[in-house]
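Raw contents of entry_20.csv, CSV, C-alpha atoms and all ligand atoms:
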chain,number,residue,atom,x,y,z
Q,1,MET,CA,23.9,18.0,-11.2
Q,2,ALA,CA,22.2,20.4,-13.5
Q,3,GLU,CA,24.0,23.5,-14.6
Q,4,THR,CA,22.3,26.7,-13.8
Q,5,ALA,CA,23.0,30.1,-15.2
Q,6,ALA,CA,23.0,31.7,-11.8
Q,7,SER,CA,26.0,31.6,-9.4
Q,8,PRO,CA,26.0,29.0,-6.6
Q,9,THR,CA,25.1,31.6,-4.0
Q,10,SER,CA,22.1,32.9,-5.9
Q,11,ALA,CA,21.0,29.3,-6.6
Q,12,GLN,CA,21.1,28.7,-2.9
Q,13,ALA,CA,19.1,31.8,-2.2
Q,14,ASN,CA,16.6,30.7,-4.7
Q,15,ALA,CA,16.3,27.3,-3.1
Q,16,GLU,CA,15.7,29.0,0.3
Q,17,LYS,CA,13.1,31.3,-1.1
Q,18,ASN,CA,11.4,28.3,-2.7
Q,19,LEU,CA,11.3,26.4,0.6
Q,20,ALA,CA,10.2,29.4,2.6
Q,21,ALA,CA,7.2,29.9,0.3
Q,22,ARG,CA,5.9,26.3,1.0
Q,23,VAL,CA,3.3,25.4,3.5
Q,24,SER,CA,3.3,21.7,4.7
Q,25,PRO,CA,0.0,19.8,4.8
Q,26,ALA,CA,-0.1,19.6,8.6
Q,27,ARG,CA,1.5,23.0,9.3
Q,28,GLN,CA,-1.7,24.1,11.2
Q,29,LEU,CA,-1.2,21.2,13.6
Q,30,ALA,CA,2.4,22.1,14.6
Q,31,ASP,CA,1.4,23.8,17.9
Q,32,GLY,CA,-1.0,21.0,18.7
Q,33,PHE,CA,1.6,18.4,18.0
Q,34,ALA,CA,4.0,20.1,20.4
Q,35,ALA,CA,1.4,20.5,23.1
Q,36,GLY,CA,0.1,16.9,22.7
Q,37,SER,CA,3.6,15.3,22.9
Q,38,LEU,CA,5.2,14.1,26.1
Q,39,ALA,CA,8.9,13.5,26.0
Q,40,GLY,CA,9.8,9.9,27.0
Q,41,THR,CA,6.3,8.7,26.5
Q,42,VAL,CA,5.0,9.5,23.0
Q,43,GLU,CA,5.8,12.4,20.7
Q,44,ILE,CA,4.6,13.4,17.3
Q,45,SER,CA,5.9,15.8,14.7
Q,46,GLU,CA,5.5,16.5,11.1
Q,47,VAL,CA,8.6,16.1,8.9
Q,48,PRO,CA,7.7,18.3,6.0
Q,49,PHE,CA,8.7,18.2,2.4
Q,50,LEU,CA,10.6,15.0,2.2
Q,51,THR,CA,11.5,14.1,-1.3
Q,52,MET,CA,9.4,11.2,-2.5
Q,53,VAL,CA,9.6,9.5,-5.9
Q,54,GLY,CA,7.3,6.8,-7.2
Q,55,LEU,CA,9.1,4.1,-9.1
Q,56,ARG,CA,7.6,1.4,-11.3
Q,57,ALA,CA,9.8,-1.2,-12.9
Q,58,LEU,CA,9.5,-4.9,-13.4
Q,59,ALA,CA,11.7,-6.8,-11.0
Q,60,GLY,CA,14.8,-8.2,-12.7
Q,61,SER,CA,14.5,-6.0,-15.8
Q,62,ALA,CA,17.5,-3.9,-16.9
Q,63,ALA,CA,15.6,-0.7,-16.0
Q,64,ALA,CA,15.1,-2.1,-12.4
Q,65,GLU,CA,18.8,-2.9,-12.2
Q,66,ARG,CA,19.7,0.7,-13.3
Q,67,LEU,CA,17.2,2.2,-10.9
Q,68,ALA,CA,18.6,0.0,-8.1
Q,69,GLY,CA,22.1,1.3,-9.0
Q,70,VAL,CA,20.9,4.9,-8.2
Q,71,THR,CA,19.0,4.2,-5.0
Q,72,GLY,CA,21.2,1.5,-3.6
Q,73,GLY,CA,18.9,-1.4,-4.2
Q,74,LEU,CA,15.2,-2.1,-4.7
Q,75,PRO,CA,13.2,-4.1,-2.0
Q,76,ALA,CA,12.1,-7.5,-3.2
Q,77,ARG,CA,9.1,-8.3,-1.1
Q,78,SER,CA,6.3,-6.9,1.1
Q,79,GLY,CA,7.6,-5.0,4.1
Q,80,ALA,CA,11.2,-4.7,2.8
Q,81,VAL,CA,13.1,-1.4,2.7
Q,82,ALA,CA,16.2,-1.0,0.6
Q,83,GLY,CA,18.5,1.9,-0.2
Q,84,SER,CA,21.7,3.4,0.9
Q,85,GLY,CA,22.8,6.4,2.9
Q,86,ASP,CA,19.8,8.8,3.4
Q,87,VAL,CA,17.9,7.3,0.4
Q,88,SER,CA,15.4,4.6,1.3
Q,89,VAL,CA,13.2,2.6,-1.0
Q,90,LEU,CA,9.9,1.2,0.3
Q,91,TRP,CA,8.1,-1.8,-1.3
Q,92,LEU,CA,4.6,-0.9,-2.4
Q,93,GLY,CA,3.9,-3.7,-4.8
Q,94,PRO,CA,5.7,-6.3,-6.9
Q,95,ALA,CA,6.8,-3.6,-9.4
Q,96,GLU,CA,6.1,-0.4,-7.5
Q,97,PHE,CA,8.3,1.4,-5.0
Q,98,LEU,CA,8.5,4.6,-3.1
Q,99,VAL,CA,11.8,6.4,-2.8
Q,100,VAL,CA,12.1,8.6,0.3
Q,101,ALA,CA,15.0,11.0,0.6
Q,102,PRO,CA,15.8,14.3,2.4
Q,103,THR,CA,14.2,17.6,1.4
Q,104,GLU,CA,17.5,18.8,-0.2
Q,105,ALA,CA,17.5,15.9,-2.6
Q,106,HIS,CA,14.6,17.5,-4.5
Q,107,GLU,CA,15.6,19.0,-7.8
Q,108,SER,CA,13.9,22.3,-7.0
Q,109,LEU,CA,16.5,22.7,-4.2
Q,110,GLY,CA,19.4,21.6,-6.4
Q,111,GLY,CA,19.3,17.9,-5.7
Q,112,ASP,CA,20.1,15.4,-8.5
Q,113,LEU,CA,18.2,12.3,-7.3
Q,114,ILE,CA,15.2,12.6,-9.5
Q,115,PRO,CA,17.1,13.5,-12.7
Q,116,ALA,CA,19.4,10.5,-12.0
Q,117,LEU,CA,16.4,8.2,-11.6
Q,118,ARG,CA,14.8,9.6,-14.8
Q,119,GLU,CA,18.0,9.0,-16.7
Q,120,ALA,CA,18.3,5.5,-15.2
Q,121,LEU,CA,14.9,4.5,-16.4
Q,122,GLY,CA,15.5,6.0,-19.9
Q,123,GLY,CA,13.0,5.0,-22.5
Q,124,ASP,CA,12.2,1.7,-20.9
Q,125,ALA,CA,8.8,0.6,-19.6
Q,126,GLY,CA,8.3,1.9,-16.1
Q,127,GLN,CA,7.8,5.2,-14.2
Q,128,VAL,CA,9.8,7.7,-12.3
Q,129,VAL,CA,7.3,10.2,-10.8
Q,130,ASP,CA,8.0,13.1,-8.4
Q,131,LEU,CA,5.5,12.4,-5.6
Q,132,SER,CA,7.0,14.8,-3.0
Q,133,ALA,CA,3.8,16.8,-2.7
Q,134,ASN,CA,1.6,13.7,-2.6
Q,135,ARG,CA,2.2,12.8,1.0
Q,136,THR,CA,3.5,14.3,4.2
Q,137,THR,CA,5.4,12.5,6.9
Q,138,PHE,CA,4.5,12.2,10.6
Q,139,GLU,CA,7.1,10.9,13.0
Q,140,LEU,CA,5.6,9.1,16.0
Q,141,THR,CA,8.1,8.1,18.7
Q,142,GLY,CA,8.3,6.9,22.2
Q,143,PRO,CA,7.5,3.8,24.3
Q,144,ARG,CA,3.7,4.4,23.8
Q,145,ALA,CA,3.9,4.9,20.0
Q,146,ARG,CA,2.9,1.3,19.3
Q,147,ASP,CA,-0.1,1.6,21.7
Q,148,VAL,CA,-1.3,4.7,19.8
Q,149,LEU,CA,-1.0,3.0,16.4
Q,150,GLU,CA,-2.7,-0.2,17.6
Q,151,LYS,CA,-5.9,1.8,18.2
Q,152,GLY,CA,-6.3,2.2,14.5
Q,153,CYS,CA,-4.1,-0.2,12.6
Q,154,SER,CA,-4.9,-3.9,12.3
Q,155,LEU,CA,-1.4,-5.1,11.4
Q,156,ASP,CA,0.5,-7.1,14.0
Q,157,LEU,CA,2.7,-4.3,15.5
Q,158,HIS,CA,4.3,-6.5,18.1
Q,159,PRO,CA,8.1,-6.2,17.8
Q,160,ARG,CA,8.4,-9.9,17.4
Q,161,VAL,CA,6.6,-9.5,14.1
Q,162,PHE,CA,7.0,-5.9,13.1
Q,163,LYS,CA,10.7,-5.2,13.1
Q,164,ALA,CA,12.5,-1.9,12.7
Q,165,GLY,CA,13.4,-1.4,9.1
Q,166,THR,CA,10.1,-2.6,7.6
Q,167,ALA,CA,7.3,-0.7,6.0
Q,168,PHE,CA,3.8,-1.6,4.9
Q,169,SER,CA,1.1,0.1,2.9
Q,170,THR,CA,-2.0,-0.4,5.0
Q,171,GLU,CA,-4.8,1.4,6.8
Q,172,ILE,CA,-4.5,3.6,9.9
Q,173,ALA,CA,-7.7,5.1,11.3
Q,174,ASN,CA,-9.5,3.7,8.3
Q,175,ILE,CA,-7.5,5.8,5.8
Q,176,PRO,CA,-4.8,4.4,3.5
Q,177,ALA,CA,-1.3,5.2,4.8
Q,178,ILE,CA,2.2,3.8,4.7
Q,179,LEU,CA,3.7,2.8,8.0
Q,180,TRP,CA,7.4,2.5,8.3
Q,181,LYS,CA,9.0,1.4,11.5
Q,182,THR,CA,12.3,3.2,11.6
Q,183,GLY,CA,13.5,2.2,15.0
Q,184,ASP,CA,12.4,0.2,18.0
Q,185,GLU,CA,10.2,2.9,19.2
Q,186,SER,CA,9.9,5.2,16.2
Q,187,PHE,CA,7.5,5.2,13.3
Q,188,ARG,CA,7.1,7.2,10.1
Q,189,ILE,CA,3.6,7.5,8.8
Q,190,PHE,CA,2.9,8.8,5.3
Q,191,PRO,CA,-0.7,9.9,4.8
Q,192,ARG,CA,-1.7,11.6,1.6
Q,193,ALA,CA,-1.7,15.4,1.9
Q,194,SER,CA,-5.5,15.6,2.0
Q,195,PHE,CA,-5.7,13.1,4.9
Q,196,ALA,CA,-2.9,14.8,6.9
Q,197,GLU,CA,-5.1,17.0,9.1
Q,198,PHE,CA,-7.5,14.1,9.8
Q,199,LEU,CA,-4.8,11.6,10.7
Q,200,GLY,CA,-2.8,14.2,12.7
Q,201,ARG,CA,-5.9,15.0,14.8
Q,202,TRP,CA,-6.7,11.3,15.1
Q,203,LEU,CA,-3.2,10.5,16.4
Q,204,LEU,CA,-3.3,13.4,18.8
Q,205,ASP,CA,-6.6,12.1,20.2
Q,206,ALA,CA,-5.2,8.6,20.4
Q,207,MET,CA,-2.1,9.9,22.3
Q,208,ARG,CA,-4.1,11.9,24.8
Q,209,GLU,CA,-4.4,9.2,27.4
Q,210,TYR,CA,-0.7,8.7,27.5
Q,211,ALA,CA,0.6,12.2,27.0
Q,212,SER,CA,-1.6,13.9,29.5
Q,213,PRO,CA,-0.2,15.1,32.8
Q,214,GLU,CA,-0.5,12.6,35.5
Q,215,VAL,CA,-3.2,13.2,38.0
Q,216,PRO,CA,-1.7,13.3,41.5
A,1,MET,CA,-14.7,-9.2,9.0
A,2,LEU,CA,-12.8,-11.5,6.6
A,3,LEU,CA,-9.1,-11.8,7.0
A,4,ILE,CA,-8.0,-12.2,3.3
A,5,PRO,CA,-4.6,-13.7,2.5
A,6,CYS,CA,-3.1,-11.5,-0.2
A,7,PRO,CA,-0.7,-13.5,-2.3
A,8,ASN,CA,1.8,-10.6,-2.0
A,9,CYS,CA,1.3,-9.2,1.5
A,10,GLY,CA,-0.1,-12.0,3.6
A,11,PRO,CA,-3.3,-11.8,5.7
A,12,ARG,CA,-4.9,-8.4,5.9
A,13,ASP,CA,-8.3,-7.0,6.9
A,14,GLU,CA,-11.1,-7.1,4.3
A,15,THR,CA,-11.3,-3.3,4.4
A,16,GLU,CA,-8.0,-3.1,2.6
A,17,PHE,CA,-9.6,-4.9,-0.4
A,18,HIS,CA,-12.1,-4.3,-3.0
A,19,TYR,CA,-14.3,-6.9,-4.6
A,20,GLY,CA,-14.2,-7.4,-8.4
A,21,GLY,CA,-17.1,-9.8,-9.0
A,22,GLN,CA,-17.1,-13.2,-10.5
A,23,ALA,CA,-13.8,-14.4,-11.9
A,24,HIS,CA,-13.3,-16.1,-15.2
A,25,VAL,CA,-15.9,-14.1,-17.2
A,26,PRO,CA,-14.2,-13.8,-20.6
A,27,TYR,CA,-14.7,-10.7,-22.7
A,28,PRO,CA,-16.5,-11.7,-25.9
A,29,GLU,CA,-14.3,-12.5,-28.8
A,30,ASN,CA,-16.4,-10.4,-31.2
A,31,PRO,CA,-18.6,-8.0,-29.2
A,32,ASN,CA,-20.1,-6.5,-32.4
A,33,GLU,CA,-21.6,-9.9,-33.3
A,34,LEU,CA,-23.5,-10.3,-30.1
A,35,SER,CA,-27.3,-9.7,-29.9
A,36,ASP,CA,-28.5,-7.3,-27.3
A,37,THR,CA,-29.6,-10.3,-25.2
A,38,GLU,CA,-26.2,-11.9,-25.4
A,39,TRP,CA,-24.4,-8.6,-24.6
A,40,SER,CA,-26.6,-8.0,-21.6
A,41,ARG,CA,-25.9,-11.6,-20.4
A,42,TYR,CA,-22.2,-10.8,-20.6
A,43,LEU,CA,-22.6,-7.5,-18.8
A,44,PHE,CA,-25.1,-8.3,-16.1
A,45,TYR,CA,-25.7,-12.0,-15.6
A,46,ARG,CA,-23.5,-13.6,-13.0
A,47,GLU,CA,-23.7,-16.8,-11.1
A,48,ASN,CA,-25.0,-16.7,-7.6
A,49,PRO,CA,-24.0,-20.1,-6.2
A,50,LYS,CA,-24.6,-21.4,-2.7
A,51,GLY,CA,-21.2,-22.7,-1.9
A,52,ILE,CA,-17.8,-22.2,-3.5
A,53,PHE,CA,-17.6,-19.2,-5.8
A,54,ALA,CA,-14.6,-17.9,-7.8
A,55,GLU,CA,-14.2,-14.2,-7.5
A,56,ARG,CA,-11.8,-11.4,-8.1
A,57,TRP,CA,-10.3,-9.2,-5.4
A,58,VAL,CA,-7.8,-6.3,-5.4
A,59,HIS,CA,-5.6,-5.3,-2.5
A,60,SER,CA,-6.4,-1.6,-2.9
A,61,THR,CA,-4.6,-0.2,0.1
A,62,GLY,CA,-1.8,-2.6,0.0
A,63,CYS,CA,0.1,-3.9,-3.1
A,64,ARG,CA,-2.7,-2.8,-5.5
A,65,GLN,CA,-2.6,-6.2,-7.2
A,66,TRP,CA,-5.6,-8.2,-8.4
A,67,PHE,CA,-6.0,-11.9,-7.6
A,68,ASN,CA,-8.6,-14.6,-7.7
A,69,MET,CA,-10.1,-16.3,-4.7
A,70,LEU,CA,-12.4,-19.3,-4.1
A,71,ARG,CA,-14.8,-18.4,-1.3
A,72,ASP,CA,-17.6,-20.4,0.2
A,73,THR,CA,-20.6,-18.1,0.1
A,74,VAL,CA,-22.2,-20.0,3.0
A,75,SER,CA,-19.4,-20.3,5.5
A,76,TYR,CA,-17.2,-17.5,4.1
A,77,ASP,CA,-14.3,-19.9,4.2
A,78,ILE,CA,-11.5,-18.9,1.8
A,79,LYS,CA,-10.6,-22.1,0.0
A,80,ALA,CA,-7.9,-20.9,-2.4
A,81,VAL,CA,-6.1,-17.8,-3.6
A,82,TYR,CA,-4.5,-17.9,-7.1
A,83,PRO,CA,-3.2,-15.5,-9.7
A,84,MET,CA,-5.2,-13.7,-12.3
A,85,GLY,CA,-5.2,-15.7,-15.5
A,86,ALA,CA,-4.6,-19.0,-13.7
A,87,LYS,CA,-7.0,-21.8,-14.0
A,88,ARG,CA,-9.6,-22.2,-11.3
A,89,PRO,CA,-8.3,-24.7,-8.8
A,90,ASP,CA,-10.4,-27.9,-8.8
A,91,ARG,CA,-12.7,-27.5,-5.9
A,92,THR,CA,-16.2,-28.7,-6.8
A,93,PRO,CA,-18.9,-26.6,-8.5
A,94,ALA,CA,-17.5,-26.2,-12.0
A,95,GLY,CA,-16.8,-22.6,-13.0
A,96,ALA,CA,-16.7,-21.1,-16.4
A,97,PRO,CA,-13.8,-22.1,-18.6
A,98,GLU,CA,-10.5,-20.3,-18.3
A,99,SER,CA,-10.8,-16.7,-19.3
A,100,GLY,CA,-7.3,-15.3,-19.7
A,101,THR,CA,-8.2,-12.1,-17.8
A,102,ALA,CA,-4.9,-10.4,-17.2
A,103,SER,CA,-3.5,-8.9,-14.1
A,104,THR,CA,-2.8,-5.2,-14.1
A,105,GLY,CA,0.5,-5.9,-12.4
A,106,PRO,CA,3.3,-7.2,-14.5
A,107,ASP,CA,4.2,-9.7,-11.8
A,108,SER,CA,1.6,-10.8,-9.4
A,109,THR,CA,3.3,-14.0,-8.4
A,110,THR,CA,5.8,-12.5,-6.0
A,111,THR,CA,5.4,-14.1,-2.6
A,112,GLY,CA,5.3,-11.9,0.4
A,113,SER,CA,7.4,-13.1,3.3
A,114,ALA,CA,4.4,-13.0,5.6
A,115,ALA,CA,2.5,-15.3,3.3
A,116,PRO,CA,4.5,-18.3,2.6
A,117,SER,CA,1.4,-20.5,2.2
A,118,THR,CA,-0.5,-18.4,-0.2
A,119,SER,CA,1.8,-18.2,-3.2
A,120,THR,CA,0.5,-19.0,-6.7
A,121,THR,CA,-2.1,-21.7,-6.7
A,122,SER,CA,-1.7,-23.1,-3.2
A,123,ILE,CA,-5.0,-24.3,-1.7
A,124,LEU,CA,-5.6,-23.3,1.8
A,125,SER,CA,-6.7,-25.8,4.3
A,126,THR,CA,-10.4,-25.6,4.8
A,127,THR,CA,-9.7,-25.0,8.5
A,128,ALA,CA,-7.0,-22.4,8.0
A,129,PRO,CA,-7.3,-19.8,10.7
A,130,GLU,CA,-6.0,-17.1,8.3
A,131,GLY,CA,-9.1,-17.6,6.1
A,132,ALA,CA,-11.5,-17.5,9.0
A,133,THR,CA,-13.4,-14.5,10.3
A,134,LYS,CA,-11.8,-12.5,13.0
W,1,ZN,ZN,-1.3,-7.2,-1.2
Mind turning this structure into C-alpha cells?
Amino acid sequence: MAETAASPTSAQANAEKNLAARVSPARQLADGFAAGSLAGTVEISEVPFLTMVGLRALAGSAAAERLAGVTGGLPARSGAVAGSGDVSVLWLGPAEFLVVAPTEAHESLGGDLIPALREALGGDAGQVVDLSANRTTFELTGPRARDVLEKGCSLDLHPRVFKAGTAFSTEIANIPAILWKTGDESFRIFPRASFAEFLGRWLLDAMREYASPEVP
Amino acid sequence: MLLIPCPNCGPRDETEFHYGGQAHVPYPENPNELSDTEWSRYLFYRENPKGIFAERWVHSTGCRQWFNMLRDTVSYDIKAVYPMGAKRPDRTPAGAPESGTASTGPDSTTTGSAAPSTSTTSILSTTAPEGATK
C-alpha cells in the first residue's frame, strides 16, 4: 500500500470526499429503478463505481503468470470468470481480460489492486489500464430477469447453457455490453458509461410487463 | 441474419461482427515501385465471385479478434472459419496466394468452449446449422 503523508484518518476523510463528489452514469435513473422494480419478480439497481481494470497479456507468458498471481487466476476461454475473494477476472478475448473489484479497491480510495497489477506487469508486453470510469454496472435480479434480457440479447440464456459464473461480451438492446451471470437469477450488466442511460431505460421498459401491479 | 461461428466465442449474431473485405490481399512488397494503375488495383480492385469467397471478419463486440471465413455468396453458407495468416482451405475457386496478413491478436487460435468444431482450420459441414441463417 502506498505511503501517504497524511494520517490514516485524513486519508480516509479524503477518500470519502473523493467518493462523495462523484456522480455515477445512471444516477438520474435511481428513482426510476426503484419504482420499476418489484421484489420477488424482477429488480434493477446500479452498482456504481466498481473498480475495473483492463488487462492484456499473452496467455502462458511470464507476465500473465504474475498478473494471475495478483488476481487469483486469469480465465482461459470465452465465458470463463476467474479470480479470488472479491476480485473477479472476466474473459474478453484470448489475451484481454477485465478485472472487477469493489469500489474500495481503487487506488484513489487507498486500494492497492491497480498498483499491484502494474508492478506485476512490469516492463513486459501487455497492459494494465484503470477502466473504472469506462463502464457502470447494473444488477438485474429475480425470476423474471432472464425474460427481460431475452428481449434484447441473442445469446442462449437458458440455464442449461448459460450457467452462473460465466460472462460474455455481447450485445444487449443492440449496444455492446458485458453480461455476467452471477447467480441463478442474478445478472450483472456492464454498459459503457455513455450507454448507461439508454440501456437503463431500455431495461426498465422491458421490465414493465412483469413489474407492474397486477390488475385485479 | 447470419449466425457466424467465431473461432473464439462460438456462434454469434452477424450484428456482433464487422466485415473486413476480401482475405489474402497481400500488401505490395515495394509500394513505391508501383505505377498508379498497379496501386489503384491493390487498393480498389477486389474479386466478386459468384460462389465461395474468402473474406475477413472481426468479432467487434465479442473477443475483438480477426479471422478468415469462406462464405458462399449465393447461398450464404459458411464453409470454413480459419485463422488470419493461415492458408485458404482448399474449397474450389482458387483464391490469391497466401498473404501473411497478421492478426491483431497475439493468439487467435484459442478455442472457445462453445465452439469445439470451429477451431483453427476446421471445415464446417456444408449443412451445418450453425452456419445457416436464423
Ligand atoms: Zn469472438
Could the residues of chain A within 6 Å of chain Q, counting only C-alpha atoms, be given as a PyMOL selection string, please?
-> chain A and resi 9+61-63+112
How would you write, as a ChimeraX atom specification, the set of residues no farther than 7 Å from ligand ZN 1 (chain W) when counting only C-alpha atoms and all ligand atoms?
-> /A:6-10,59,62-65
Could you name the residues that touch range 118-132 of chain Q at 8 Å or less, counting all atoms listed in the file, but leaving out those on the same chain fewer than 5 positions away, as number ranges by chain?
-> Q: 49-58, 63-64, 66-67, 70
May I ask for the distance between CA of Ser108 in chain Q and CA of Val47 in chain Q, given in Å to one decimal place?
-> 17.9 Å
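From CA of Ser84 in chain Q back to CA of Ala62 in chain Q, the distance works out to 19.7 Å.
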If you count all atoms listed in the file, which residues fall within 10 Å of Gly32 in chain Q, apart from same-chain ones fewer than 4 positions away, as a PyMOL selection string?
-> chain Q and resi 27-28+36-37+44-45+200-201+204
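Atom to atom, CA of Arg192 in chain Q and CA of Lys163 in chain Q stand 23.8 Å apart.
The list of residues with at least one atom within 6 Å of Val87 in chain Q, based on all atoms listed in the file and without residues fewer than 3 positions apart in the same chain, reads Gly83, Ser84, Val100 and Ala101 of chain Q.
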Polymer residues at most 6 Å from Val58 in chain A, all atoms listed in the file, same-chain spacing of 2 or more positions, as a PyMOL selection string | chain A and resi 17-18+60+65-66
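Minimum atom-to-atom distances from A:Ile52, A:Leu43, A:Ile4, A:Leu34 to Phe67 in chain A were compared using only C-alpha atoms, and the lowest value belongs to A:Ile4.
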Extract range 131-153 of chain Q from the structure I just pasted (atoms: N, CA and C atoms) and return it as a PDB file, in the first residue's frame.
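Result written to part.pdb:
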ATOM      1  N   LEU Q 131      -9.877   1.168 -15.870  1.00  0.00           N
ATOM      2  CA  LEU Q 131     -11.070   1.415 -16.683  1.00  0.00           C
ATOM      3  C   LEU Q 131     -12.299   1.639 -15.811  1.00  0.00           C
ATOM      4  N   SER Q 132     -12.075   2.013 -14.560  1.00  0.00           N
ATOM      5  CA  SER Q 132     -13.197   2.108 -13.623  1.00  0.00           C
ATOM      6  C   SER Q 132     -14.276   3.077 -14.084  1.00  0.00           C
ATOM      7  N   ALA Q 133     -13.874   4.138 -14.796  1.00  0.00           N
ATOM      8  CA  ALA Q 133     -14.861   5.121 -15.234  1.00  0.00           C
ATOM      9  C   ALA Q 133     -15.434   4.780 -16.607  1.00  0.00           C
ATOM     10  N   ASN Q 134     -14.963   3.699 -17.196  1.00  0.00           N
ATOM     11  CA  ASN Q 134     -15.383   3.354 -18.555  1.00  0.00           C
ATOM     12  C   ASN Q 134     -16.805   2.797 -18.590  1.00  0.00           C
ATOM     13  N   ARG Q 135     -17.133   1.996 -17.620  1.00  0.00           N
ATOM     14  CA  ARG Q 135     -18.444   1.339 -17.606  1.00  0.00           C
ATOM     15  C   ARG Q 135     -19.100   1.521 -16.248  1.00  0.00           C
ATOM     16  N   THR Q 136     -20.420   1.392 -16.220  1.00  0.00           N
ATOM     17  CA  THR Q 136     -21.082   1.266 -14.934  1.00  0.00           C
ATOM     18  C   THR Q 136     -21.673  -0.140 -14.865  1.00  0.00           C
ATOM     19  N   THR Q 137     -22.267  -0.457 -13.734  1.00  0.00           N
ATOM     20  CA  THR Q 137     -22.759  -1.812 -13.501  1.00  0.00           C
ATOM     21  C   THR Q 137     -24.243  -1.759 -13.158  1.00  0.00           C
ATOM     22  N   PHE Q 138     -25.028  -2.557 -13.864  1.00  0.00           N
ATOM     23  CA  PHE Q 138     -26.423  -2.747 -13.480  1.00  0.00           C
ATOM     24  C   PHE Q 138     -26.554  -4.138 -12.895  1.00  0.00           C
ATOM     25  N   GLU Q 139     -27.342  -4.240 -11.853  1.00  0.00           N
ATOM     26  CA  GLU Q 139     -27.627  -5.553 -11.289  1.00  0.00           C
ATOM     27  C   GLU Q 139     -29.100  -5.846 -11.552  1.00  0.00           C
ATOM     28  N   LEU Q 140     -29.358  -6.907 -12.290  1.00  0.00           N
ATOM     29  CA  LEU Q 140     -30.719  -7.288 -12.639  1.00  0.00           C
ATOM     30  C   LEU Q 140     -30.973  -8.640 -11.989  1.00  0.00           C
ATOM     31  N   THR Q 141     -31.977  -8.695 -11.115  1.00  0.00           N
ATOM     32  CA  THR Q 141     -32.193  -9.927 -10.362  1.00  0.00           C
ATOM     33  C   THR Q 141     -33.666 -10.314 -10.368  1.00  0.00           C
ATOM     34  N   GLY Q 142     -33.892 -11.556 -10.003  1.00  0.00           N
ATOM     35  CA  GLY Q 142     -35.268 -12.037  -9.855  1.00  0.00           C
ATOM     36  C   GLY Q 142     -35.612 -13.082 -10.893  1.00  0.00           C
ATOM     37  N   PRO Q 143     -36.714 -13.812 -10.642  1.00  0.00           N
ATOM     38  CA  PRO Q 143     -37.101 -14.900 -11.542  1.00  0.00           C
ATOM     39  C   PRO Q 143     -37.409 -14.433 -12.971  1.00  0.00           C
ATOM     40  N   ARG Q 144     -37.733 -13.151 -13.153  1.00  0.00           N
ATOM     41  CA  ARG Q 144     -38.032 -12.646 -14.500  1.00  0.00           C
ATOM     42  C   ARG Q 144     -36.829 -11.997 -15.177  1.00  0.00           C
ATOM     43  N   ALA Q 145     -35.684 -11.985 -14.520  1.00  0.00           N
ATOM     44  CA  ALA Q 145     -34.516 -11.301 -15.080  1.00  0.00           C
ATOM     45  C   ALA Q 145     -34.149 -11.861 -16.455  1.00  0.00           C
ATOM     46  N   ARG Q 146     -34.202 -13.179 -16.572  1.00  0.00           N
ATOM     47  CA  ARG Q 146     -33.837 -13.779 -17.859  1.00  0.00           C
ATOM     48  C   ARG Q 146     -34.819 -13.374 -18.965  1.00  0.00           C
ATOM     49  N   ASP Q 147     -36.112 -13.342 -18.630  1.00  0.00           N
ATOM     50  CA  ASP Q 147     -37.105 -12.941 -19.629  1.00  0.00           C
ATOM     51  C   ASP Q 147     -36.844 -11.524 -20.128  1.00  0.00           C
ATOM     52  N   VAL Q 148     -36.444 -10.666 -19.197  1.00  0.00           N
ATOM     53  CA  VAL Q 148     -36.161  -9.279 -19.572  1.00  0.00           C
ATOM     54  C   VAL Q 148     -34.990  -9.238 -20.551  1.00  0.00           C
ATOM     55  N   LEU Q 149     -33.922  -9.960 -20.215  1.00  0.00           N
ATOM     56  CA  LEU Q 149     -32.728  -9.942 -21.068  1.00  0.00           C
ATOM     57  C   LEU Q 149     -32.995 -10.569 -22.430  1.00  0.00           C
ATOM     58  N   GLU Q 150     -33.838 -11.573 -22.451  1.00  0.00           N
ATOM     59  CA  GLU Q 150     -34.086 -12.280 -23.711  1.00  0.00           C
ATOM     60  C   GLU Q 150     -34.782 -11.398 -24.742  1.00  0.00           C
ATOM     61  N   LYS Q 151     -35.342 -10.281 -24.293  1.00  0.00           N
ATOM     62  CA  LYS Q 151     -35.954  -9.377 -25.266  1.00  0.00           C
ATOM     63  C   LYS Q 151     -34.914  -8.660 -26.106  1.00  0.00           C
ATOM     64  N   GLY Q 152     -33.667  -8.635 -25.639  1.00  0.00           N
ATOM     65  CA  GLY Q 152     -32.687  -7.853 -26.396  1.00  0.00           C
ATOM     66  C   GLY Q 152     -31.310  -8.468 -26.483  1.00  0.00           C
ATOM     67  N   CYS Q 153     -31.198  -9.749 -26.136  1.00  0.00           N
ATOM     68  CA  CYS Q 153     -29.889 -10.394 -26.174  1.00  0.00           C
ATOM     69  C   CYS Q 153     -30.053 -11.738 -26.869  1.00  0.00           C
TER      70      CYS Q 153
END
